[in-house]
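Enquirer: One structure follows; several queries about it will come next.
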Amino acid sequence: MNSPASSYALALPLLLALGVLVVYPIALLLSTTPLLEVWTDSYLWGRLGWTLLQALVSSVLTALLGGSAGLVFARFEFRGRRILEALLGLPFVVPVIVAGIGFLALFGPRGWVVNLSETPYLMLLANVFYNYGIVARSVSSAVSGMDRDLENAARLEGASSFQVLCFVTLPFALPALYSSAGLVFLYCFASFGVPLLLARPQYATLEVEIYQAVQRLDLGTAGALTVAQLIIAGVATLLYTGAQARASGLALTGSTSRVRSRGLSRVWLALHIAFALTLTLAPLIAVLWRSVQSASGTLTFAHYLALLEPSTGIYSSDLGLAIFNNLRFAGLALLIAVPLGVTHAFAVWRTRSRILDALSLLPLMVSATLLGVAYIVTFSAQISSLWLLIAAYALTAYPFVTRAALTALRALEPHILEAARVDGAGGWALLRLVVFPMIAPALRVGVAFAFAVVIGEFGATLILQRPEWTTLTTLIFAKLSRPAGLGEASALSSLLLLLTATGFWVIGRSRSS
Amino acid sequence: MQKFWLVGLVASSALMAGFSSAAPRTLTVITHDSFNLDKKLIQAFERTNNLRVAFVKGGDAGAMTNKLILTKKTPLADVAYGIDNTLLGKALSANILESYKPKSAALIVKEYRLDPAWHITPIDYGFVALNYDKAWFAVNNKALPQRLEDLTKPEWRGLLAMPNPATSSTGLAFYLATIKQLGERGAFNFWAGLRDNGVKITAGWDAAYYTEFTRNGGSRPIVVSYASSPAAEIFYSDQKLDDAPTANLLLPGSSFLQIEGVAVLRGAKNPDLAQKFVDFMLTTPVQSDIPTQMWVYPVMPNIKLNAVYRFADQPTGQQIAVLQPATITANSARWLENWTRVVQRGANPATLPLK
């Protein structure tokens, strides 16, 4: 178990999967296209710069806001905390067009708050909206596992609250902060839906350019942009996984203790709760509101009732089947993604290999649009098969499991493992009795987000869909592809949110509480 | 004990079914995502021909056509539904379609026959057209534009939302209509005018209709949609409506005739079944079902339309722009490039290369 060879062997399943499902198809496609010609176009250099800038600003902004919220939610107990934490992951599953409708209700030309529709800020705000929960949940789960005695001891030594935060609490939060902010950077860097929907064309990202190039079958440009995207994302990933590894190594006890807020801290907490609710939930509430509104503005449940009517069309499947499919795909994909992600986290932890660490994020670095084209070309015979669909979902989901597991593994105290070994605990017993219980809380957050990624169908564009695979998201798109579909689409979105919140609730439920 | 009997009965009848008739072959049909048809019609087709139909969704029509071209060596399906006259030239020059003249070919209304060599069989047609929000124009006491060029005048500033021609077939169709109506040079000037007059460009039809159109809470009372959309607004409304909340704005040359068809794919594994599907799509029950499933008109004559279609006024004569597939194929790459330069990168239309 300790030999490096067996540790490296743990990485084999994932490397094999990545080889078949990412490297091979992409390499096959790129081998047929010229990769340097397009870079004489200064327009594309501008796109590259903007893509990098918006991803950096979005991830820093999300890290600050989400990180601060994570610290506060880990520190203080308040009524509805678990519900709030479960709700924070919801934006992740909302199709961009649905979130966009909610967003424009707040920040559009006739928005209730302010009109941002012609500015780049709307796009940045949407990026924060989508990713805030990832950072807040990761940081909260990391810090809630720290030993509170450390903070108390520092306070007894005369440290101010601010000093405690900077020198005691923050170091615990850093690995999770780096880890989640890194994911946010990659998501924003390869972002496609948000800039396409919410930004003016001059704020288009590389992924949007790749999409447009693919539409005109200009695979040369699409390939060249993909390579550039891959190089930058690769460098960024190496930088941040390195930073994360260096920041790790602080002990977690796995126990949770929260205090009630008093005085100023009460105001601080209220501020964070209010912000989390406004930013991440207001657009969703706008969607909920739409689902119970009739065309003339009166209250109605007609949209929900309409969903219950049996469908007659071959492409408009029943609600029950859609929900069943959502759960079936999520279950099957997690069955692959969780073991794969955890195994790989162990491989990285034991080998301390930066390369293996960075490779685990490969699916997020490659352009999803181009990967879709590569799949069509490479797997044309299997492109509409169920196993490829599940594999695609698992591929987009496992990075969350790996990140979460790795962050927790690195925080394990070496002396606990030593003590267990001295007590005669062998490899498997050590894992089962010591390691897994210690990493379980963090792992749960990772699995919850992996679940959300599957429900949000990040992998759906990689393969060709079949009508019998209809999910809630497919139904939403079907309603929004014809007039007068907003009410039913909003009702479906609300059901999707409910399903996801339930999933978060179940997965995130910690055994100790 | 009863259970055993039951299991035996089910198992033996399953075996019998397996032996009594040849196992049904599977016909694979690829369509764009907006396809729909009554399940019962498909089931009847399966029974009559002792086959099973497997549907595959190819994305929107443009994406589907691209996928078919990329996989021409190992076709994704036997037959494809949804290639239209804007995409046909691309498909023909990539040589992905197999010619088949359906049994009822002679009955199809002449002006909708897409290809004299029958590489594609027309199934339905529709019109991409401007829609407007009736309530908005009434409340704001604003006159309706009378010509396309009016949309570039200050009086109608910032009223139009439309999908990007580079990413949406609906947007492309409207763009093609303006080229047909105004000529290349005239169209590029028109689009520069629209740009300066604050036209709102979205990625797809859904975003234009659901985030920008005033009818759905946006700020634009005119939107590029379909001539059948006002009827669909009534058909799908959550309340009983006597009149459509939106209407067509039929300006000279502002509506584009879109004809969709079904085609046997070259290299299909089951070309005989594919041909049966082509014939099936022209039968009266299918043609009658199409108008309220996909909001387009049947190409066969004498098909009775749903009553709600009285709210979908068909554009006529001068209002319609018709472009030949060959013309579209020969020019569309340059036209799209020029559109992007003018509207998205702010180029002066006088500097653009013409044919």
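A note on labels: chains of the structure tokens are A, B, ... as shown, every chain counts residues from 1, and ligands are counted from 1 in their shown order.
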Looking only at the backbone, which of the residues in range 151-340 of chain A does DSSP tag as alpha helix (DSSP H), as a ChimeraX atom specification?

Expert: /A:151-156,161-164,170-189,193-198,206-215,219-247,263-276,282-291,302-308,319-340

Enquirer: Find the residues of chain A in contact range of chain B, meaning any atom within 6 Å when counting only C-alpha atoms, and list them as a PyMOL selection string.

Expert: chain A and resi 101+196+312-315+464-466+480-481+483-484

Enquirer: Given the selection you just returned, output its residues as a file containing N, CA and C atoms, formatted as a compact mmCIF listing (two decimals), in the first residue's frame.

Expert:
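Once written, again03.txt looks like this:
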# COMPACT_ATOMS: atom_id res chain seq x y z
N ILE A 101 -33.52 34.71 -17.56
CA ILE A 101 -34.83 35.34 -17.44
C ILE A 101 -34.98 35.97 -16.06
N LEU A 196 -22.79 34.01 -23.91
CA LEU A 196 -23.63 33.96 -25.11
C LEU A 196 -24.98 34.61 -24.83
N THR A 312 -48.74 13.79 -25.79
CA THR A 312 -49.10 13.04 -26.98
C THR A 312 -47.94 12.96 -27.96
N GLY A 313 -47.07 13.95 -27.93
CA GLY A 313 -45.99 14.01 -28.91
C GLY A 313 -44.86 13.05 -28.59
N ILE A 314 -44.19 12.57 -29.62
CA ILE A 314 -43.10 11.62 -29.46
C ILE A 314 -41.90 12.29 -28.79
N TYR A 315 -41.75 13.62 -28.94
CA TYR A 315 -40.62 14.33 -28.34
C TYR A 315 -41.00 15.05 -27.06
N LEU A 464 -25.37 12.73 -28.60
CA LEU A 464 -26.67 12.98 -29.21
C LEU A 464 -27.76 12.42 -28.32
N GLN A 465 -28.74 13.24 -28.04
CA GLN A 465 -29.82 12.84 -27.14
C GLN A 465 -30.87 12.00 -27.88
N ARG A 466 -31.62 11.25 -27.09
CA ARG A 466 -32.76 10.53 -27.63
C ARG A 466 -34.02 11.00 -26.89
N LEU A 480 -39.46 26.26 -24.01
CA LEU A 480 -38.94 27.57 -24.43
C LEU A 480 -38.61 27.61 -25.91
N SER A 481 -38.95 26.54 -26.65
CA SER A 481 -38.68 26.58 -28.08
C SER A 481 -39.95 26.93 -28.85
N PRO A 483 -43.78 29.60 -28.56
CA PRO A 483 -44.38 30.71 -27.81
C PRO A 483 -45.21 30.26 -26.62
N ALA A 484 -45.43 31.19 -25.69
CA ALA A 484 -46.27 30.97 -24.50
C ALA A 484 -45.82 29.77 -23.68

Enquirer: In Å, how far is it from CA of Gly503 in chain A to CA of Pro283 in chain A?

Expert: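 Taking CA of Gly503 in chain A and CA of Pro283 in chain A, their separation equals 20.5 Å.
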
Enquirer: Which residues come within 9 Å of Trp469 in chain A, counting only C-alpha atoms, excluding same-chain residues fewer than 3 positions away, as a list in words?

Expert: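 Counting only C-alpha atoms, the residues come to Ser317, Leu321, Ala322, Asn325, Asn326, Leu386, Gln465, Arg466 and Thr474 of chain A.
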
Enquirer: Show which residues sit within 6 Å of range 263-275 of chain B, as a list of chain:residue names. Count only C-alpha atoms, and ignore same-chain residues fewer than 3 positions away.

Expert: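 The residues satisfying every condition are B:Asp78, B:Val79, B:Ala80, B:Ile96, B:Leu97, B:Glu98, B:Ile120, B:Val278.
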
Enquirer: Okay, now the selection with C-alpha atoms, as an mmCIF file, in the first residue's frame?

Expert:
data_model
loop_
_atom_site.group_PDB
_atom_site.id
_atom_site.type_symbol
_atom_site.label_atom_id
_atom_site.label_comp_id
_atom_site.auth_asym_id
_atom_site.auth_seq_id
_atom_site.Cartn_x
_atom_site.Cartn_y
_atom_site.Cartn_z
ATOM 1 C CA ASP B 78 -30.874 6.115 -41.928
ATOM 2 C CA VAL B 79 -32.983 9.160 -42.573
ATOM 3 C CA ALA B 80 -32.830 12.811 -41.522
ATOM 4 C CA ILE B 96 -24.623 13.250 -47.830
ATOM 5 C CA LEU B 97 -28.129 12.712 -49.241
ATOM 6 C CA GLU B 98 -29.441 9.826 -51.322
ATOM 7 C CA ILE B 120 -34.743 15.788 -50.241
ATOM 8 C CA VAL B 278 -40.208 9.492 -46.339
#

Enquirer: As a list in words, please: the residues near Ser93 in chain B (cut-off 12 Å, only C-alpha atoms, same-chain neighbours under 6 positions excluded).

Expert: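 Contacts, with the query itself left out: Thr65, Ile69, Leu87, His119, Pro325, Ala326, Thr329 and Ala330 of chain B.
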
Enquirer: Find the residue from B:Val262, B:Leu172, B:Ile328, B:Ile303 that sits nearest to Thr31 in chain B; use only C-alpha atoms when measuring.

Expert: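 Going through B:Val262, B:Leu172, B:Ile328, B:Ile303 one by one, the smallest distance to Thr31 in chain B is for B:Val262.
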
Enquirer: Can you list, as a list in words, every protein, DNA or RNA residue that comes within 6 Å of range 390-401 of chain A when you count only C-alpha atoms, leaving out same-chain residues fewer than 6 positions away?

Expert: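 Once the nearby chain positions are removed, what remains is Ala333, Ala337, Gly341, Gly446, Val447, Ala450, Val453, Val454 and Gly459 of chain A.
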
Enquirer: Work out how far CA of Tyr211 in chain A is from CA of Pro34 in chain A, in Å to one decimal.

Expert: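 Atom-to-atom, CA of Pro34 in chain A to CA of Tyr211 in chain A, that is 17.5 Å.
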
Enquirer: Suppose you want the space between CA of Leu288 in chain A and CA of Gly456 in chain A; what is it in Å?

Expert: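 Computing it gives 17.6 Å between the two atoms.
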
Enquirer: Using only C-alpha atoms, find the one residue out of B:Phe311, B:Trp339, B:Tyr100, B:Phe277 that sits nearest to Leu51 in chain B.

Expert: B:Phe277

Enquirer: Calculated over only C-alpha atoms, which of the candidates B:Leu354, B:Leu241, B:Ile83, B:Ala347 has the smallest distance to Ala295 in chain A?

Expert: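 Of the candidates, the smallest distance to Ala295 in chain A is held by B:Leu241.
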
Enquirer: Give me the residues within 9 Å of range 229-237 of chain A as an NGL selection string, counting only C-alpha atoms and dropping any in the same chain fewer than 3 places off.

Expert: :A and (48 or 52 or 182-183 or 185-186 or 189-190 or 206-207 or 224-226 or 240-242 or 357-359 or 361-362 or 364-367)

Enquirer: Going by DSSP on the backbone, which bits of range 197-385 of chain A are strand (DSSP E or B)? Write them as JSON, numbers by chain, please.

Expert: {"A": [259, 260, 293, 299, 313]}

Enquirer: Keeping all heavy atoms for every residue in the selection just given, could you write it to a file as a short mmCIF file (atom, residue, chain, number, x, y, z; two decimals), in the first residue's frame?

Expert:
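Produced file part-v2.cif, reproduced below:
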data_model
loop_
_atom_site.label_atom_id
_atom_site.label_comp_id
_atom_site.auth_asym_id
_atom_site.auth_seq_id
_atom_site.Cartn_x
_atom_site.Cartn_y
_atom_site.Cartn_z
N VAL A 259 -21.01 28.52 17.16
CA VAL A 259 -21.49 29.34 18.28
C VAL A 259 -22.61 30.25 17.80
O VAL A 259 -22.77 30.46 16.61
CB VAL A 259 -20.35 30.19 18.88
CG1 VAL A 259 -19.29 29.29 19.48
CG2 VAL A 259 -19.75 31.10 17.81
N ARG A 260 -23.37 30.77 18.74
CA ARG A 260 -24.39 31.76 18.39
C ARG A 260 -23.71 33.11 18.23
O ARG A 260 -22.75 33.41 18.94
CB ARG A 260 -25.47 31.83 19.47
CG ARG A 260 -26.26 30.55 19.61
CD ARG A 260 -27.75 30.84 19.79
NE ARG A 260 -28.52 29.65 19.47
CZ ARG A 260 -29.05 29.43 18.28
NH1 ARG A 260 -28.90 30.32 17.30
NH2 ARG A 260 -29.72 28.33 18.04
N GLN A 293 -47.72 32.53 -12.02
CA GLN A 293 -48.36 33.72 -12.56
C GLN A 293 -49.02 33.40 -13.89
O GLN A 293 -48.41 32.76 -14.75
CB GLN A 293 -47.29 34.78 -12.81
CG GLN A 293 -47.46 36.01 -11.97
CD GLN A 293 -46.50 37.08 -12.42
OE1 GLN A 293 -45.47 36.80 -13.01
NE2 GLN A 293 -46.85 38.31 -12.16
N LEU A 299 -52.67 34.97 -9.84
CA LEU A 299 -52.06 33.77 -9.28
C LEU A 299 -52.71 32.52 -9.88
O LEU A 299 -53.94 32.44 -10.00
CB LEU A 299 -52.28 33.78 -7.76
CG LEU A 299 -51.35 32.89 -6.95
CD1 LEU A 299 -49.92 33.40 -7.00
CD2 LEU A 299 -51.85 32.80 -5.52
N GLY A 313 -47.07 13.95 -27.93
CA GLY A 313 -45.99 14.01 -28.91
C GLY A 313 -44.86 13.05 -28.59
O GLY A 313 -44.58 12.76 -27.42
#

Enquirer: Can you work out which one of A:Gly508, A:Pro95, A:Pro175, A:Gly108 has the shortest atom-to-atom distance to Glu457 in chain A, counting only C-alpha atoms?

Expert: A:Pro95
